[in-house]
$ cat my_file.cif   # mmCIF, C-alpha atoms and all ligand atoms
data_structure
loop_
_atom_site.label_atom_id
_atom_site.label_comp_id
_atom_site.auth_asym_id
_atom_site.auth_seq_id
_atom_site.Cartn_x
_atom_site.Cartn_y
_atom_site.Cartn_z
CA MET B 1118 -10.75 -27.64 -0.34
CA THR B 1119 -7.15 -28.78 -0.46
CA LEU B 1120 -4.02 -26.77 0.22
CA ILE B 1121 -1.87 -27.24 -2.86
CA TYR B 1122 0.82 -24.57 -2.70
CA THR B 1123 2.41 -22.21 -0.20
CA ARG B 1124 5.52 -20.07 -0.47
CA GLU B 1125 6.98 -17.23 1.53
CA ASN B 1126 7.18 -15.16 -1.66
CA LYS B 1127 3.68 -13.96 -2.55
CA LEU B 1128 4.72 -13.38 -6.17
CA LEU B 1129 5.37 -17.10 -6.58
CA VAL B 1130 1.97 -17.97 -5.15
CA GLU B 1131 0.25 -15.45 -7.42
CA ASN B 1132 2.13 -16.85 -10.39
CA ALA B 1133 0.97 -20.37 -9.53
CA ARG B 1134 -2.58 -19.12 -9.16
CA ASN B 1135 -2.44 -17.49 -12.61
CA VAL B 1136 -1.10 -20.66 -14.22
CA LEU B 1137 -3.86 -22.76 -12.64
CA ARG B 1138 -6.53 -20.26 -13.64
CA MET B 1139 -5.32 -20.33 -17.26
CA ASN B 1140 -5.82 -24.10 -17.12
CA GLY B 1141 -9.36 -23.79 -15.84
CA ILE B 1142 -8.60 -24.59 -12.21
CA GLU B 1143 -10.20 -22.41 -9.57
CA THR B 1144 -8.23 -21.64 -6.41
CA VAL B 1145 -8.62 -19.46 -3.34
CA MET B 1146 -5.67 -17.54 -1.92
CA LYS B 1147 -5.37 -17.28 1.86
CA ASN B 1148 -3.09 -15.12 3.97
CA GLU B 1149 -2.68 -12.88 0.95
CA PHE B 1150 -2.48 -9.74 3.02
CA SER B 1151 -0.91 -11.14 6.16
CA SER B 1152 2.46 -9.44 5.97
CA GLY B 1153 2.39 -6.40 8.18
CA ALA B 1154 -1.38 -6.03 8.11
CA ALA B 1155 -2.44 -8.90 10.34
CA GLY B 1156 -2.03 -7.29 13.73
CA ASP B 1157 -0.46 -9.74 16.12
CA LEU B 1158 0.13 -12.55 13.60
CA ALA B 1159 3.81 -13.23 13.01
CA PRO B 1160 4.60 -12.84 9.29
CA LEU B 1161 6.67 -16.05 9.33
CA ASP B 1162 3.62 -18.06 10.40
CA THR B 1163 1.43 -16.79 7.61
CA TRP B 1164 2.82 -17.56 4.19
CA PRO B 1165 0.35 -16.99 1.36
CA GLU B 1166 -1.53 -20.22 0.64
CA LEU B 1167 -3.22 -21.52 -2.48
CA TRP B 1168 -6.28 -23.72 -1.89
CA LEU B 1169 -7.90 -25.87 -4.55
CA VAL B 1170 -11.68 -25.38 -4.71
CA ASP B 1171 -12.61 -28.53 -6.65
CA ASN B 1172 -10.88 -31.64 -5.31
CA THR B 1173 -11.60 -33.60 -8.50
CA GLN B 1174 -8.98 -31.37 -10.16
CA LEU B 1175 -6.30 -32.29 -7.64
CA ALA B 1176 -4.17 -34.51 -9.92
CA LYS B 1177 -4.17 -31.94 -12.70
CA ALA B 1178 -3.37 -29.11 -10.30
CA GLN B 1179 -0.47 -31.02 -8.75
CA LYS B 1180 0.99 -31.72 -12.18
CA LEU B 1181 0.89 -28.02 -13.04
CA ILE B 1182 2.46 -27.11 -9.70
CA GLU B 1183 5.25 -29.59 -10.42
CA GLN B 1184 5.94 -27.89 -13.73
CA ILE B 1185 6.04 -24.51 -12.02
CA GLU B 1186 8.53 -25.84 -9.48
CA VAL B 1187 10.80 -27.16 -12.24
CA GLN B 1188 10.70 -23.77 -13.93
CA ALA B 1189 11.36 -22.01 -10.64
CA ASN B 1190 14.56 -23.99 -10.24
CA GLY B 1191 15.84 -22.85 -13.62
CA ASP B 1192 18.09 -19.90 -14.29
CA ASP B 1193 17.11 -16.36 -13.49
CA TRP B 1194 16.93 -14.01 -16.44
CA ARG B 1195 17.77 -10.34 -16.74
CA CYS B 1196 15.28 -7.96 -18.34
CA ASN B 1197 16.45 -6.35 -21.59
CA GLN B 1198 14.48 -3.24 -20.87
CA CYS B 1199 15.26 -2.32 -17.27
CA GLN B 1200 18.09 -4.77 -16.40
CA GLU B 1201 16.12 -6.17 -13.47
CA LEU B 1202 16.82 -9.78 -12.47
CA ASN B 1203 13.75 -12.05 -12.68
CA GLY B 1204 13.10 -15.56 -11.36
CA SER B 1205 12.75 -18.18 -14.08
CA ALA B 1206 9.12 -18.85 -13.13
CA PHE B 1207 8.11 -15.41 -14.35
CA GLU B 1208 7.30 -14.92 -18.01
CA VAL B 1209 7.23 -11.15 -17.82
CA CYS B 1210 9.51 -8.77 -15.92
CA TRP B 1211 8.04 -8.12 -12.47
CA ASN B 1212 9.47 -4.61 -12.54
CA CYS B 1213 8.48 -3.17 -15.93
CA GLY B 1214 6.21 -5.84 -17.45
CA ALA B 1215 8.37 -6.56 -20.51
CA ALA B 1216 8.25 -10.11 -21.90
CA ALA B 1217 11.04 -12.54 -21.09
CA ASN B 1218 14.06 -12.34 -23.39
ZN ZN X 1301 12.08 -5.04 -16.83
#
$ encode --input "my_file.cif" --output "structure tokens" --more "lines below"
Ligand SMILES: [Zn+2]
Amino acid sequence: MTLIYTRENKLLVENARNVLRMNGIETVMKNEFSSGAAGDLAPLDTWPELWLVDNTQLAKAQKLIEQIEVQANGDDWRCNQCQELNGSAFEVCWNCGAAAN
């Protein structure tokens, strides 16, 4: 397995995992529940990690991750329904589930 993505924000890692899954790429998430629940592990040392199961899919997975990163650097958008601010990587409001404007 290959580590392909890790971020402090678990929502970003979950989003990446969803995108890869939609493209037929299987991943395993590690440290998913580390924050606060890992006893003596420091939360800063245990960012959620996304591991690629099939190494033959590495090039495809990296390309998708690149696209996610480009999107993540775009503008945030504000939800029409609940006025919550969302990161550009998210296609639905994290707060109420409404689709992006
Ligand atoms: Zn909303």
$ atom_distance --input "my_file.cif" --atom1 "CA of Thr1144 (chain B)" --atom2 "CA of Leu1167 (chain B)"
6.4 Å
$ residues_around --input "my_file.cif" --residues "Ala1176 (chain B)" --least-positions-apart "6" --cutoff "12 Å" --atoms "all atoms listed in the file" --output "list in words"
Thr1119, Ile1121, Ile1142, Leu1169, Ile1182 and Glu1183 of chain B
$ residues_around --input "my_file.cif" --residues "Lys1147 (chain B)" --least-positions-apart "4" --cutoff "8 Å" --atoms "all atoms listed in the file" --output "PyMOL selection string"
chain B and resi 1165-1168
$ residues_near_ligand --input "my_file.cif" --ligand "ligand ZN 1301 (chain X)" --cutoff "7 Å" --atoms "only C-alpha atoms and all ligand atoms" --output "list in words"
Cys1196, Asn1197, Gln1198, Cys1199, Gln1200, Glu1201, Cys1210, Trp1211, Asn1212, Cys1213, Gly1214 and Ala1215 of chain B
$ closest_residue --input "my_file.cif" --among "B:Glu1186, B:Glu1149, B:Asp1193, B:Glu1143" --to "Glu1125 (chain B)" --atoms "all atoms listed in the file"
B:Glu1149
$ atom_distance --input "my_file.cif" --atom1 "CA of Asn1148 (chain B)" --atom2 "CA of Ala1217 (chain B)"
28.9 Å
$ residues_around --input "my_file.cif" --residues "Asn1140 (chain B)" --least-positions-apart "3" --cutoff "10 Å" --atoms "only C-alpha atoms" --output "list in words"
Arg1134, Asn1135, Val1136, Leu1137, Glu1143, Lys1177, Ala1178 and Leu1181 of chain B
$ atom_distance --input "my_file.cif" --atom1 "CA of Ala1206 (chain B)" --atom2 "CA of Glu1131 (chain B)"
11.1 Å
$ residues_near_point --input "my_file.cif" --point "(7.7, -21.0, -11.5)" --cutoff "8 Å" --atoms "all atoms listed in the file" --output "list of chain:residue names"
B:Leu1129, B:Asn1132, B:Ala1133, B:Gln1184, B:Ile1185, B:Glu1186, B:Val1187, B:Gln1188, B:Ala1189, B:Asn1190, B:Gly1204, B:Ser1205, B:Ala1206, B:Phe1207
$ write_last_selection --input "my_file.cif" --atoms "C-alpha atoms" --output "mmCIF file, in the frame of the given file"
data_model
loop_
_atom_site.group_PDB
_atom_site.id
_atom_site.type_symbol
_atom_site.label_atom_id
_atom_site.label_comp_id
_atom_site.auth_asym_id
_atom_site.auth_seq_id
_atom_site.Cartn_x
_atom_site.Cartn_y
_atom_site.Cartn_z
ATOM 1 C CA LEU B 1129 5.370 -17.100 -6.580
ATOM 2 C CA ASN B 1132 2.130 -16.850 -10.390
ATOM 3 C CA ALA B 1133 0.970 -20.370 -9.530
ATOM 4 C CA GLN B 1184 5.940 -27.890 -13.730
ATOM 5 C CA ILE B 1185 6.040 -24.510 -12.020
ATOM 6 C CA GLU B 1186 8.530 -25.840 -9.480
ATOM 7 C CA VAL B 1187 10.800 -27.160 -12.240
ATOM 8 C CA GLN B 1188 10.700 -23.770 -13.930
ATOM 9 C CA ALA B 1189 11.360 -22.010 -10.640
ATOM 10 C CA ASN B 1190 14.560 -23.990 -10.240
ATOM 11 C CA GLY B 1204 13.100 -15.560 -11.360
ATOM 12 C CA SER B 1205 12.750 -18.180 -14.080
ATOM 13 C CA ALA B 1206 9.120 -18.850 -13.130
ATOM 14 C CA PHE B 1207 8.110 -15.410 -14.350
#
$ closest_residue --input "my_file.cif" --among "B:Met1139, B:Lys1180, B:Val1145, B:Ala1216" --to "Thr1123 (chain B)" --atoms "all atoms listed in the file"
B:Val1145
$ build_atoms --input "my_file.cif" --residues "region 1182-1198 of chain B" --atoms "N, CA and C atoms" --output "mmCIF file, in the coordinates of the input"
data_model
loop_
_atom_site.group_PDB
_atom_site.id
_atom_site.type_symbol
_atom_site.label_atom_id
_atom_site.label_comp_id
_atom_site.auth_asym_id
_atom_site.auth_seq_id
_atom_site.Cartn_x
_atom_site.Cartn_y
_atom_site.Cartn_z
ATOM 1 N N ILE B 1182 1.589 -27.641 -10.747
ATOM 2 C CA ILE B 1182 2.460 -27.110 -9.700
ATOM 3 C C ILE B 1182 3.879 -27.680 -9.861
ATOM 4 N N GLU B 1183 3.944 -28.969 -10.186
ATOM 5 C CA GLU B 1183 5.250 -29.590 -10.420
ATOM 6 C C GLU B 1183 6.013 -28.882 -11.521
ATOM 7 N N GLN B 1184 5.300 -28.582 -12.606
ATOM 8 C CA GLN B 1184 5.940 -27.890 -13.730
ATOM 9 C C GLN B 1184 6.436 -26.515 -13.307
ATOM 10 N N ILE B 1185 5.637 -25.830 -12.492
ATOM 11 C CA ILE B 1185 6.040 -24.510 -12.020
ATOM 12 C C ILE B 1185 7.322 -24.622 -11.181
ATOM 13 N N GLU B 1186 7.359 -25.645 -10.347
ATOM 14 C CA GLU B 1186 8.530 -25.840 -9.480
ATOM 15 C C GLU B 1186 9.789 -26.104 -10.309
ATOM 16 N N VAL B 1187 9.649 -26.884 -11.373
ATOM 17 C CA VAL B 1187 10.800 -27.160 -12.240
ATOM 18 C C VAL B 1187 11.287 -25.855 -12.864
ATOM 19 N N GLN B 1188 10.329 -25.061 -13.340
ATOM 20 C CA GLN B 1188 10.700 -23.770 -13.930
ATOM 21 C C GLN B 1188 11.360 -22.867 -12.907
ATOM 22 N N ALA B 1189 10.847 -22.898 -11.675
ATOM 23 C CA ALA B 1189 11.360 -22.010 -10.640
ATOM 24 C C ALA B 1189 12.798 -22.358 -10.264
ATOM 25 N N ASN B 1190 13.199 -23.591 -10.543
ATOM 26 C CA ASN B 1190 14.560 -23.990 -10.240
ATOM 27 C C ASN B 1190 15.510 -23.744 -11.404
ATOM 28 N N GLY B 1191 14.997 -23.173 -12.477
ATOM 29 C CA GLY B 1191 15.840 -22.850 -13.620
ATOM 30 C C GLY B 1191 16.641 -21.592 -13.371
ATOM 31 N N ASP B 1192 17.241 -21.085 -14.430
ATOM 32 C CA ASP B 1192 18.090 -19.900 -14.290
ATOM 33 C C ASP B 1192 17.266 -18.625 -14.251
ATOM 34 N N ASP B 1193 17.718 -17.685 -13.458
ATOM 35 C CA ASP B 1193 17.110 -16.360 -13.490
ATOM 36 C C ASP B 1193 17.449 -15.687 -14.819
ATOM 37 N N TRP B 1194 16.636 -14.735 -15.199
ATOM 38 C CA TRP B 1194 16.930 -14.010 -16.440
ATOM 39 C C TRP B 1194 16.891 -12.511 -16.171
ATOM 40 N N ARG B 1195 17.689 -11.777 -16.944
ATOM 41 C CA ARG B 1195 17.770 -10.340 -16.740
ATOM 42 C C ARG B 1195 16.979 -9.631 -17.832
ATOM 43 N N CYS B 1196 16.160 -8.677 -17.415
ATOM 44 C CA CYS B 1196 15.280 -7.960 -18.340
ATOM 45 C C CYS B 1196 16.091 -7.091 -19.291
ATOM 46 N N ASN B 1197 15.771 -7.182 -20.589
ATOM 47 C CA ASN B 1197 16.450 -6.350 -21.590
ATOM 48 C C ASN B 1197 16.140 -4.880 -21.417
ATOM 49 N N GLN B 1198 14.970 -4.612 -20.904
ATOM 50 C CA GLN B 1198 14.480 -3.240 -20.870
ATOM 51 C C GLN B 1198 14.979 -2.460 -19.657
#
